[in-house]
Protein chains: 2
Amino acid sequence: MDGPSDHDDFADRLQRHGVTLTHQRLEIAAVLFRTMEHLSADQILARVNARNAQVSKATVYNTLKLFLEKGLLREVIVDPDRVFYDPNVAPHHHLYDVTTGHLTDIPAEAITLARLPQLPDGMVVEGVDIVIRTRPLNPP
Amino acid sequence: MDGPSDHDDFADRLQRHGVTLTHQRLEIAAVLFRTMEHLSADQILARVNARNAQVSKATVYNTLKLFLEKGLLREVIVDPDRVFYDPNVAPHHHLYDVTTGHLTDIPAEAITLARLPQLPDGMVVEGVDIVIRTRPLNPP
DNA sequence: ATGCAATATTAGACATGATCCAAATGCGCG
DNA sequence: CGCGCATTTGGATCATGTCTAATATTGCAT
């Protein structure tokens, strides 16, 4: 299914973003960019070490921070308990299932902001995060 | 400055929302509803106990959870480290200063969603949270 | 008023996610 | 080949937030 070229793609992507390659970073990149799911640090750690433990917790956190700085990832803050990392850095928004904690993307075009509010002086927009919190219809 | 009627207002508000009154709950309500700021649990604890410690950490958390259930407060999840509690439960959105961590309200009318995306079957919208992350213009 | 059951409060132990640190490892490059 | 800097690591540490079992308070019926 996934040939060796997957890894090469990830390696390219890291390098293009100025990240020097290491075995661990490639593993983490593979977990994130293969499925494009929204994962927490814990989940990433678990997946990387699914077979035998090879990457430490500290490295996962270091690497995620690095990837964030280099613009390879976005943080998604919707759960008070943990941060999700979003491998999709294109502008888009999120559907958040409150009951299951599952996150789904909403294409940026699916929502239009009619107008933006006035910003305080000297401030610029870093990003607009829209989260639509959903739950099953039935019992509250 | 603030007469004793403030406290009575808060008491009324709690009771109208089905919250039985206690000394501690009134203190917490006073802190939240007097300034209408966005505060974290820690900040609320600190303010309530500004003079002498009277309310425990556990009670602050219990009370905040209760106020949430009763619709007296909203949670604002923008900071990975802590939850902010918003005494303004009317529909509105937020400006979040990434550098200082300061939260400001945006009136709901200041933003219009042109259209909402299709929701999965049987799911309903619980709320729409829009956060505009801002930072000073100058150096990144 | 008085007693009693239900509700609220509390201190401190605990759980969890995330960070820090100092030591060890590995890598690039002369 | 080896030096130096970047990276990784285990474990300690931290901060929020939750839990528990004991105590205090409250409302209510009598």
# chains A, B, ... in the order shown; residues from 1 in each chain; ligands from 1
>>> calpha_fit_and_write(fixed="chain B", moving="chain A", output="short mmCIF file (atom, residue, chain, number, x, y, z; two decimals) with N, CA and C atoms, in the first residue's frame")
data_model
loop_
_atom_site.label_atom_id
_atom_site.label_comp_id
_atom_site.auth_asym_id
_atom_site.auth_seq_id
_atom_site.Cartn_x
_atom_site.Cartn_y
_atom_site.Cartn_z
N MET A 1 -19.44 53.20 46.29
CA MET A 1 -19.57 52.84 44.89
C MET A 1 -20.57 51.70 44.70
N ASP A 2 -20.23 50.54 45.14
CA ASP A 2 -21.14 49.43 44.97
C ASP A 2 -21.90 49.17 46.26
N GLY A 3 -23.14 49.52 46.23
CA GLY A 3 -23.98 49.35 47.40
C GLY A 3 -24.23 47.88 47.68
N PRO A 4 -25.01 47.60 48.69
CA PRO A 4 -25.34 46.22 49.02
C PRO A 4 -26.24 45.58 47.99
N SER A 5 -26.81 46.42 47.11
CA SER A 5 -27.75 45.89 46.13
C SER A 5 -27.05 44.99 45.11
N ASP A 6 -25.75 45.21 44.89
CA ASP A 6 -25.01 44.35 43.99
C ASP A 6 -25.17 42.89 44.39
N HIS A 7 -24.89 42.65 45.64
CA HIS A 7 -24.97 41.28 46.14
C HIS A 7 -26.37 40.72 45.96
N ASP A 8 -27.37 41.55 46.21
CA ASP A 8 -28.74 41.10 46.05
C ASP A 8 -29.02 40.71 44.60
N ASP A 9 -28.49 41.54 43.67
CA ASP A 9 -28.67 41.22 42.26
C ASP A 9 -28.09 39.84 41.95
N PHE A 10 -26.87 39.60 42.46
CA PHE A 10 -26.23 38.33 42.20
C PHE A 10 -27.04 37.19 42.79
N ALA A 11 -27.52 37.42 44.00
CA ALA A 11 -28.33 36.39 44.67
C ALA A 11 -29.55 36.07 43.82
N ASP A 12 -30.23 37.11 43.36
CA ASP A 12 -31.38 36.90 42.48
C ASP A 12 -31.00 36.07 41.27
N ARG A 13 -29.94 36.48 40.65
CA ARG A 13 -29.54 35.80 39.42
C ARG A 13 -29.28 34.32 39.69
N LEU A 14 -28.57 34.01 40.77
CA LEU A 14 -28.32 32.61 41.09
C LEU A 14 -29.63 31.87 41.29
N GLN A 15 -30.50 32.46 42.08
CA GLN A 15 -31.75 31.77 42.40
C GLN A 15 -32.62 31.56 41.17
N ARG A 16 -32.64 32.56 40.32
CA ARG A 16 -33.43 32.41 39.10
C ARG A 16 -32.92 31.25 38.23
N HIS A 17 -31.66 30.93 38.41
CA HIS A 17 -31.09 29.81 37.66
C HIS A 17 -31.09 28.52 38.46
N GLY A 18 -31.80 28.52 39.55
CA GLY A 18 -31.95 27.27 40.31
C GLY A 18 -30.74 26.90 41.14
N VAL A 19 -29.96 27.87 41.51
CA VAL A 19 -28.79 27.61 42.34
C VAL A 19 -29.13 27.99 43.78
N THR A 20 -29.01 27.07 44.69
CA THR A 20 -29.27 27.42 46.09
C THR A 20 -28.09 28.24 46.61
N LEU A 21 -28.44 29.23 47.40
CA LEU A 21 -27.45 30.22 47.82
C LEU A 21 -26.56 29.69 48.95
N THR A 22 -25.30 30.02 48.81
CA THR A 22 -24.39 29.84 49.94
C THR A 22 -23.47 31.06 49.95
N HIS A 23 -22.85 31.24 51.06
CA HIS A 23 -21.90 32.33 51.20
C HIS A 23 -20.83 32.25 50.11
N GLN A 24 -20.26 31.06 49.93
CA GLN A 24 -19.17 30.91 48.96
C GLN A 24 -19.62 31.19 47.54
N ARG A 25 -20.79 30.69 47.19
CA ARG A 25 -21.27 30.90 45.82
C ARG A 25 -21.51 32.37 45.54
N LEU A 26 -21.97 33.07 46.56
CA LEU A 26 -22.20 34.50 46.36
C LEU A 26 -20.87 35.23 46.17
N GLU A 27 -19.88 34.84 46.92
CA GLU A 27 -18.56 35.46 46.77
C GLU A 27 -18.03 35.27 45.36
N ILE A 28 -18.15 34.04 44.90
CA ILE A 28 -17.64 33.73 43.56
C ILE A 28 -18.44 34.47 42.51
N ALA A 29 -19.75 34.49 42.68
CA ALA A 29 -20.59 35.22 41.74
C ALA A 29 -20.21 36.69 41.72
N ALA A 30 -19.94 37.23 42.90
CA ALA A 30 -19.58 38.64 42.97
C ALA A 30 -18.32 38.92 42.15
N VAL A 31 -17.31 38.07 42.33
CA VAL A 31 -16.07 38.25 41.58
C VAL A 31 -16.33 38.22 40.09
N LEU A 32 -17.17 37.28 39.66
CA LEU A 32 -17.38 37.12 38.22
C LEU A 32 -18.25 38.21 37.63
N PHE A 33 -19.34 38.50 38.31
CA PHE A 33 -20.35 39.36 37.69
C PHE A 33 -20.14 40.84 37.98
N ARG A 34 -19.29 41.13 38.92
CA ARG A 34 -19.03 42.54 39.18
C ARG A 34 -18.21 43.13 38.04
N THR A 35 -17.14 42.44 37.64
CA THR A 35 -16.27 43.02 36.62
C THR A 35 -16.58 42.50 35.23
N MET A 36 -17.24 41.35 35.14
CA MET A 36 -17.52 40.76 33.83
C MET A 36 -16.23 40.45 33.04
N GLU A 37 -15.13 40.29 33.74
CA GLU A 37 -13.89 39.90 33.07
C GLU A 37 -13.89 38.41 32.77
N HIS A 38 -12.97 38.00 31.93
CA HIS A 38 -12.75 36.58 31.66
C HIS A 38 -11.65 36.09 32.59
N LEU A 39 -12.02 35.28 33.55
CA LEU A 39 -11.05 34.85 34.56
C LEU A 39 -10.88 33.35 34.53
N SER A 40 -9.70 32.92 34.94
CA SER A 40 -9.45 31.49 35.10
C SER A 40 -9.79 31.10 36.54
N ALA A 41 -9.91 29.80 36.78
CA ALA A 41 -10.26 29.32 38.11
C ALA A 41 -9.26 29.86 39.14
N ASP A 42 -7.99 29.82 38.79
CA ASP A 42 -6.95 30.32 39.70
C ASP A 42 -7.16 31.79 40.04
N GLN A 43 -7.45 32.57 39.04
CA GLN A 43 -7.66 33.99 39.27
C GLN A 43 -8.88 34.22 40.14
N ILE A 44 -9.90 33.46 39.92
CA ILE A 44 -11.11 33.60 40.72
C ILE A 44 -10.81 33.25 42.17
N LEU A 45 -10.12 32.15 42.36
CA LEU A 45 -9.73 31.75 43.71
C LEU A 45 -8.94 32.86 44.39
N ALA A 46 -7.99 33.41 43.67
CA ALA A 46 -7.14 34.46 44.25
C ALA A 46 -7.98 35.68 44.64
N ARG A 47 -8.90 36.06 43.77
CA ARG A 47 -9.69 37.26 44.05
C ARG A 47 -10.65 37.06 45.21
N VAL A 48 -11.26 35.90 45.25
CA VAL A 48 -12.18 35.62 46.32
C VAL A 48 -11.46 35.67 47.66
N ASN A 49 -10.25 35.17 47.65
CA ASN A 49 -9.51 35.11 48.91
C ASN A 49 -8.49 36.23 49.05
N ALA A 50 -8.77 37.35 48.41
CA ALA A 50 -7.80 38.44 48.39
C ALA A 50 -7.42 38.86 49.80
N ARG A 51 -8.39 38.95 50.68
CA ARG A 51 -8.06 39.36 52.06
C ARG A 51 -7.63 38.14 52.86
N ASN A 52 -8.59 37.38 53.32
CA ASN A 52 -8.25 36.18 54.07
C ASN A 52 -8.87 34.97 53.38
N ALA A 53 -8.13 33.86 53.38
CA ALA A 53 -8.61 32.68 52.68
C ALA A 53 -9.91 32.20 53.31
N GLN A 54 -10.94 32.09 52.49
CA GLN A 54 -12.24 31.69 53.01
C GLN A 54 -12.87 30.61 52.16
N VAL A 55 -12.49 30.55 50.89
CA VAL A 55 -13.10 29.59 49.99
C VAL A 55 -12.01 28.68 49.45
N SER A 56 -12.29 27.40 49.47
CA SER A 56 -11.28 26.43 49.05
C SER A 56 -11.27 26.27 47.54
N LYS A 57 -10.13 25.76 47.07
CA LYS A 57 -9.97 25.49 45.65
C LYS A 57 -11.08 24.56 45.16
N ALA A 58 -11.35 23.50 45.92
CA ALA A 58 -12.36 22.53 45.51
C ALA A 58 -13.71 23.20 45.32
N THR A 59 -14.04 24.10 46.22
CA THR A 59 -15.33 24.77 46.11
C THR A 59 -15.39 25.67 44.88
N VAL A 60 -14.29 26.33 44.59
CA VAL A 60 -14.28 27.15 43.38
C VAL A 60 -14.57 26.28 42.16
N TYR A 61 -13.90 25.16 42.05
CA TYR A 61 -14.12 24.29 40.90
C TYR A 61 -15.55 23.73 40.91
N ASN A 62 -16.00 23.29 42.07
CA ASN A 62 -17.38 22.80 42.17
C ASN A 62 -18.37 23.86 41.70
N THR A 63 -18.16 25.05 42.18
CA THR A 63 -19.10 26.12 41.90
C THR A 63 -19.07 26.51 40.43
N LEU A 64 -17.88 26.57 39.86
CA LEU A 64 -17.80 26.91 38.44
C LEU A 64 -18.53 25.86 37.61
N LYS A 65 -18.34 24.61 37.97
CA LYS A 65 -19.03 23.55 37.23
C LYS A 65 -20.54 23.71 37.37
N LEU A 66 -20.97 24.00 38.58
CA LEU A 66 -22.40 24.21 38.82
C LEU A 66 -22.93 25.38 38.01
N PHE A 67 -22.23 26.49 38.05
CA PHE A 67 -22.66 27.67 37.30
C PHE A 67 -22.74 27.36 35.81
N LEU A 68 -21.78 26.58 35.32
CA LEU A 68 -21.81 26.19 33.91
C LEU A 68 -23.09 25.42 33.59
N GLU A 69 -23.37 24.41 34.41
CA GLU A 69 -24.58 23.59 34.19
C GLU A 69 -25.83 24.46 34.19
N LYS A 70 -25.85 25.41 35.09
CA LYS A 70 -27.04 26.22 35.24
C LYS A 70 -27.09 27.37 34.24
N GLY A 71 -26.11 27.44 33.39
CA GLY A 71 -26.13 28.45 32.34
C GLY A 71 -25.80 29.85 32.81
N LEU A 72 -25.09 29.93 33.91
CA LEU A 72 -24.68 31.25 34.39
C LEU A 72 -23.35 31.69 33.79
N LEU A 73 -22.64 30.73 33.23
CA LEU A 73 -21.31 31.00 32.69
C LEU A 73 -21.11 30.23 31.39
N ARG A 74 -20.09 30.66 30.67
CA ARG A 74 -19.60 29.91 29.51
C ARG A 74 -18.13 29.64 29.69
N GLU A 75 -17.66 28.54 29.20
CA GLU A 75 -16.23 28.28 29.15
C GLU A 75 -15.66 28.88 27.89
N VAL A 76 -14.46 29.39 27.98
CA VAL A 76 -13.76 29.83 26.78
C VAL A 76 -12.44 29.08 26.72
N ILE A 77 -12.30 28.29 25.66
CA ILE A 77 -11.11 27.44 25.52
C ILE A 77 -10.23 28.03 24.44
N VAL A 78 -9.25 28.80 24.84
CA VAL A 78 -8.33 29.38 23.86
C VAL A 78 -6.90 29.20 24.29
N ASP A 79 -6.69 28.90 25.54
CA ASP A 79 -5.35 28.76 26.09
C ASP A 79 -5.17 27.30 26.46
N PRO A 80 -4.10 26.69 25.98
CA PRO A 80 -3.91 25.27 26.26
C PRO A 80 -3.79 24.97 27.75
N ASP A 81 -3.44 25.97 28.53
CA ASP A 81 -3.11 25.72 29.94
C ASP A 81 -4.27 25.89 30.90
N ARG A 82 -5.24 26.70 30.54
CA ARG A 82 -6.32 26.90 31.50
C ARG A 82 -7.57 27.37 30.80
N VAL A 83 -8.68 27.12 31.49
CA VAL A 83 -9.98 27.49 30.97
C VAL A 83 -10.33 28.87 31.50
N PHE A 84 -10.91 29.69 30.66
CA PHE A 84 -11.45 30.96 31.12
C PHE A 84 -12.95 30.84 31.26
N TYR A 85 -13.49 31.57 32.23
CA TYR A 85 -14.93 31.54 32.47
C TYR A 85 -15.49 32.89 32.10
N ASP A 86 -16.52 32.84 31.28
CA ASP A 86 -17.08 34.06 30.70
C ASP A 86 -18.45 34.31 31.30
N PRO A 87 -18.59 35.38 32.07
CA PRO A 87 -19.87 35.67 32.71
C PRO A 87 -20.92 36.18 31.73
N ASN A 88 -20.51 36.43 30.51
CA ASN A 88 -21.45 36.88 29.49
C ASN A 88 -21.92 35.66 28.69
N VAL A 89 -23.18 35.28 28.93
CA VAL A 89 -23.69 34.09 28.26
C VAL A 89 -24.47 34.41 26.99
N ALA A 90 -24.63 35.68 26.70
CA ALA A 90 -25.26 36.05 25.44
C ALA A 90 -24.33 35.64 24.29
N PRO A 91 -24.91 35.36 23.11
CA PRO A 91 -24.07 34.93 22.00
C PRO A 91 -23.08 36.03 21.62
N HIS A 92 -21.83 35.67 21.59
CA HIS A 92 -20.79 36.62 21.18
C HIS A 92 -19.52 35.84 20.93
N HIS A 93 -18.50 36.54 20.48
CA HIS A 93 -17.25 35.86 20.14
C HIS A 93 -16.08 36.55 20.83
N HIS A 94 -14.87 36.13 20.48
CA HIS A 94 -13.73 36.62 21.26
C HIS A 94 -12.53 37.03 20.42
N LEU A 95 -11.89 38.06 20.94
CA LEU A 95 -10.60 38.50 20.45
C LEU A 95 -9.59 38.01 21.48
N TYR A 96 -8.57 37.32 21.02
CA TYR A 96 -7.62 36.74 21.96
C TYR A 96 -6.22 37.23 21.63
N ASP A 97 -5.65 38.00 22.54
CA ASP A 97 -4.29 38.50 22.33
C ASP A 97 -3.30 37.40 22.71
N VAL A 98 -2.69 36.85 21.68
CA VAL A 98 -1.81 35.69 21.87
C VAL A 98 -0.64 36.01 22.80
N THR A 99 -0.17 37.25 22.73
CA THR A 99 1.03 37.58 23.50
C THR A 99 0.73 37.81 24.98
N THR A 100 -0.38 38.46 25.26
CA THR A 100 -0.69 38.75 26.66
C THR A 100 -1.68 37.76 27.26
N GLY A 101 -2.36 37.01 26.42
CA GLY A 101 -3.38 36.10 26.92
C GLY A 101 -4.68 36.82 27.28
N HIS A 102 -4.83 38.05 26.83
CA HIS A 102 -6.02 38.80 27.20
C HIS A 102 -7.17 38.55 26.24
N LEU A 103 -8.35 38.37 26.83
CA LEU A 103 -9.55 38.07 26.06
C LEU A 103 -10.49 39.26 26.05
N THR A 104 -11.06 39.56 24.88
CA THR A 104 -12.05 40.62 24.77
C THR A 104 -13.25 40.09 24.01
N ASP A 105 -14.40 40.63 24.32
CA ASP A 105 -15.60 40.20 23.62
C ASP A 105 -15.74 40.86 22.25
N ILE A 106 -16.30 40.14 21.34
CA ILE A 106 -16.76 40.69 20.06
C ILE A 106 -18.27 40.49 20.05
N PRO A 107 -19.03 41.55 19.85
CA PRO A 107 -20.48 41.38 19.78
C PRO A 107 -20.84 40.41 18.66
N ALA A 108 -21.86 39.63 18.87
CA ALA A 108 -22.24 38.63 17.87
C ALA A 108 -22.51 39.28 16.52
N GLU A 109 -23.05 40.50 16.54
CA GLU A 109 -23.43 41.13 15.28
C GLU A 109 -22.23 41.59 14.47
N ALA A 110 -21.06 41.64 15.12
CA ALA A 110 -19.88 42.12 14.41
C ALA A 110 -19.39 41.12 13.37
N ILE A 111 -19.91 39.91 13.44
CA ILE A 111 -19.49 38.86 12.52
C ILE A 111 -20.74 38.18 11.99
N THR A 112 -20.72 37.87 10.74
CA THR A 112 -21.84 37.13 10.18
C THR A 112 -21.33 35.91 9.46
N LEU A 113 -21.88 34.79 9.76
CA LEU A 113 -21.55 33.59 9.02
C LEU A 113 -22.45 33.54 7.80
N ALA A 114 -21.83 33.55 6.64
CA ALA A 114 -22.62 33.56 5.42
C ALA A 114 -23.42 32.28 5.30
N ARG A 115 -22.78 31.18 5.61
CA ARG A 115 -23.53 29.92 5.56
C ARG A 115 -22.82 28.90 6.45
N LEU A 116 -23.63 28.02 6.96
CA LEU A 116 -23.09 26.98 7.81
C LEU A 116 -22.89 25.70 7.01
N PRO A 117 -21.89 24.94 7.33
CA PRO A 117 -21.67 23.70 6.60
C PRO A 117 -22.72 22.67 6.98
N GLN A 118 -22.91 21.70 6.13
CA GLN A 118 -23.79 20.57 6.42
C GLN A 118 -23.30 19.85 7.67
N LEU A 119 -24.23 19.54 8.55
CA LEU A 119 -23.86 18.77 9.72
C LEU A 119 -24.11 17.29 9.46
N PRO A 120 -23.32 16.42 10.11
CA PRO A 120 -23.62 14.99 10.04
C PRO A 120 -25.03 14.73 10.55
N ASP A 121 -25.61 13.63 10.11
CA ASP A 121 -27.00 13.32 10.41
C ASP A 121 -27.24 13.22 11.92
N GLY A 122 -28.35 13.81 12.37
CA GLY A 122 -28.74 13.69 13.76
C GLY A 122 -27.92 14.54 14.70
N MET A 123 -27.06 15.37 14.16
CA MET A 123 -26.26 16.25 15.00
C MET A 123 -26.84 17.66 14.96
N VAL A 124 -26.79 18.32 16.10
CA VAL A 124 -27.24 19.70 16.15
C VAL A 124 -26.13 20.58 16.69
N VAL A 125 -26.22 21.83 16.33
CA VAL A 125 -25.21 22.79 16.77
C VAL A 125 -25.46 23.16 18.22
N GLU A 126 -24.46 23.00 19.01
CA GLU A 126 -24.57 23.42 20.41
C GLU A 126 -24.08 24.86 20.56
N GLY A 127 -23.14 25.23 19.73
CA GLY A 127 -22.64 26.59 19.79
C GLY A 127 -21.59 26.82 18.73
N VAL A 128 -21.39 28.07 18.39
CA VAL A 128 -20.36 28.43 17.42
C VAL A 128 -19.37 29.35 18.13
N ASP A 129 -18.14 28.91 18.18
CA ASP A 129 -17.11 29.71 18.84
C ASP A 129 -16.16 30.26 17.80
N ILE A 130 -16.09 31.56 17.77
CA ILE A 130 -15.13 32.20 16.87
C ILE A 130 -14.10 32.93 17.70
N VAL A 131 -12.87 32.60 17.47
CA VAL A 131 -11.78 33.28 18.18
C VAL A 131 -10.85 33.89 17.14
N ILE A 132 -10.68 35.19 17.25
CA ILE A 132 -9.72 35.86 16.38
C ILE A 132 -8.45 36.06 17.19
N ARG A 133 -7.42 35.37 16.78
CA ARG A 133 -6.14 35.48 17.50
C ARG A 133 -5.36 36.65 16.95
N THR A 134 -4.97 37.54 17.85
CA THR A 134 -4.25 38.74 17.42
C THR A 134 -2.89 38.82 18.10
N ARG A 135 -2.03 39.63 17.50
CA ARG A 135 -0.74 39.93 18.13
C ARG A 135 -0.30 41.31 17.66
N PRO A 136 0.67 41.92 18.36
CA PRO A 136 1.17 43.22 17.94
C PRO A 136 1.80 43.11 16.56
N LEU A 137 1.71 44.19 15.81
CA LEU A 137 2.20 44.18 14.42
C LEU A 137 3.70 43.94 14.32
N ASN A 138 4.45 44.65 15.16
CA ASN A 138 5.92 44.77 15.01
C ASN A 138 6.69 43.46 14.87
N PRO A 139 7.43 43.03 15.89
CA PRO A 139 8.34 41.91 15.63
C PRO A 139 7.62 40.60 15.85
N PRO A 140 7.79 39.66 14.96
CA PRO A 140 7.21 38.34 15.13
C PRO A 140 8.03 37.52 16.12
#
>>> residues_around(residues="DA5 of chain C", least_positions_apart="6", cutoff="12 Å", atoms="only C-alpha atoms (C1' of nucleotides)", output="number ranges by chain")
D: 26-29
>>> write_last_selection(atoms="C-alpha atoms (C1' of nucleotides)", output="mmCIF file, in the first residue's frame")
data_model
loop_
_atom_site.group_PDB
_atom_site.id
_atom_site.type_symbol
_atom_site.label_atom_id
_atom_site.label_comp_id
_atom_site.auth_asym_id
_atom_site.auth_seq_id
_atom_site.Cartn_x
_atom_site.Cartn_y
_atom_site.Cartn_z
ATOM 1 C "C1'" DT D 26 -28.947 24.016 55.223
ATOM 2 C "C1'" DG D 27 -33.791 23.336 54.784
ATOM 3 C "C1'" DC D 28 -37.665 21.137 56.300
ATOM 4 C "C1'" DA D 29 -40.962 18.512 59.069
#
>>> atom_distance(atom1="atom C1' of DC19 of chain D", atom2="atom C1' of DC14 of chain C")
7.2 Å
>>> interface_residues(of="chain D", to="chain B", cutoff="9 Å", atoms="only C-alpha atoms (C1' of nucleotides)", output="number ranges by chain")
D: 15-18
>>> write_last_selection(atoms="C-alpha atoms (C1' of nucleotides)", output="PDB file, in the first residue's frame")
ATOM      1  C1'  DA D  15       0.276  23.237  36.926  1.00  0.00           C
ATOM      2  C1'  DT D  16      -4.653  22.432  36.313  1.00  0.00           C
ATOM      3  C1'  DG D  17      -8.045  20.146  37.584  1.00  0.00           C
ATOM      4  C1'  DT D  18     -10.492  16.010  39.971  1.00  0.00           C
TER       5       DT D  18
END
>>> select_by_dssp(residues="segment 6-99 of chain B", states="strand (DSSP E)", output="list in words")
Leu39, Ser40, Arg74, Glu75, Val76, Ile77, Val78, Asp79, Arg82, Val83, Phe84, Tyr85, Asp86, His92, His93, His94, Leu95, Tyr96 and Asp97 of chain B
>>> select_by_dssp(residues="segment 24-81 of chain A", states="alpha helix (DSSP H)", output="PyMOL selection string")
chain A and resi 24-35+41-48+57-69
>>> atom_distance(atom1="atom C1' of DT19 of chain C", atom2="atom C1' of DG11 of chain D")
12.2 Å
>>> interface_residues(of="chain C", to="chain A", cutoff="9 Å", atoms="only C-alpha atoms (C1' of nucleotides)", output="JSON, numbers by chain")
{"C": [16, 17, 18, 19]}
>>> atom_distance(atom1="atom C1' of DT9 of chain D", atom2="atom C1' of DC29 of chain C")
25.1 Å
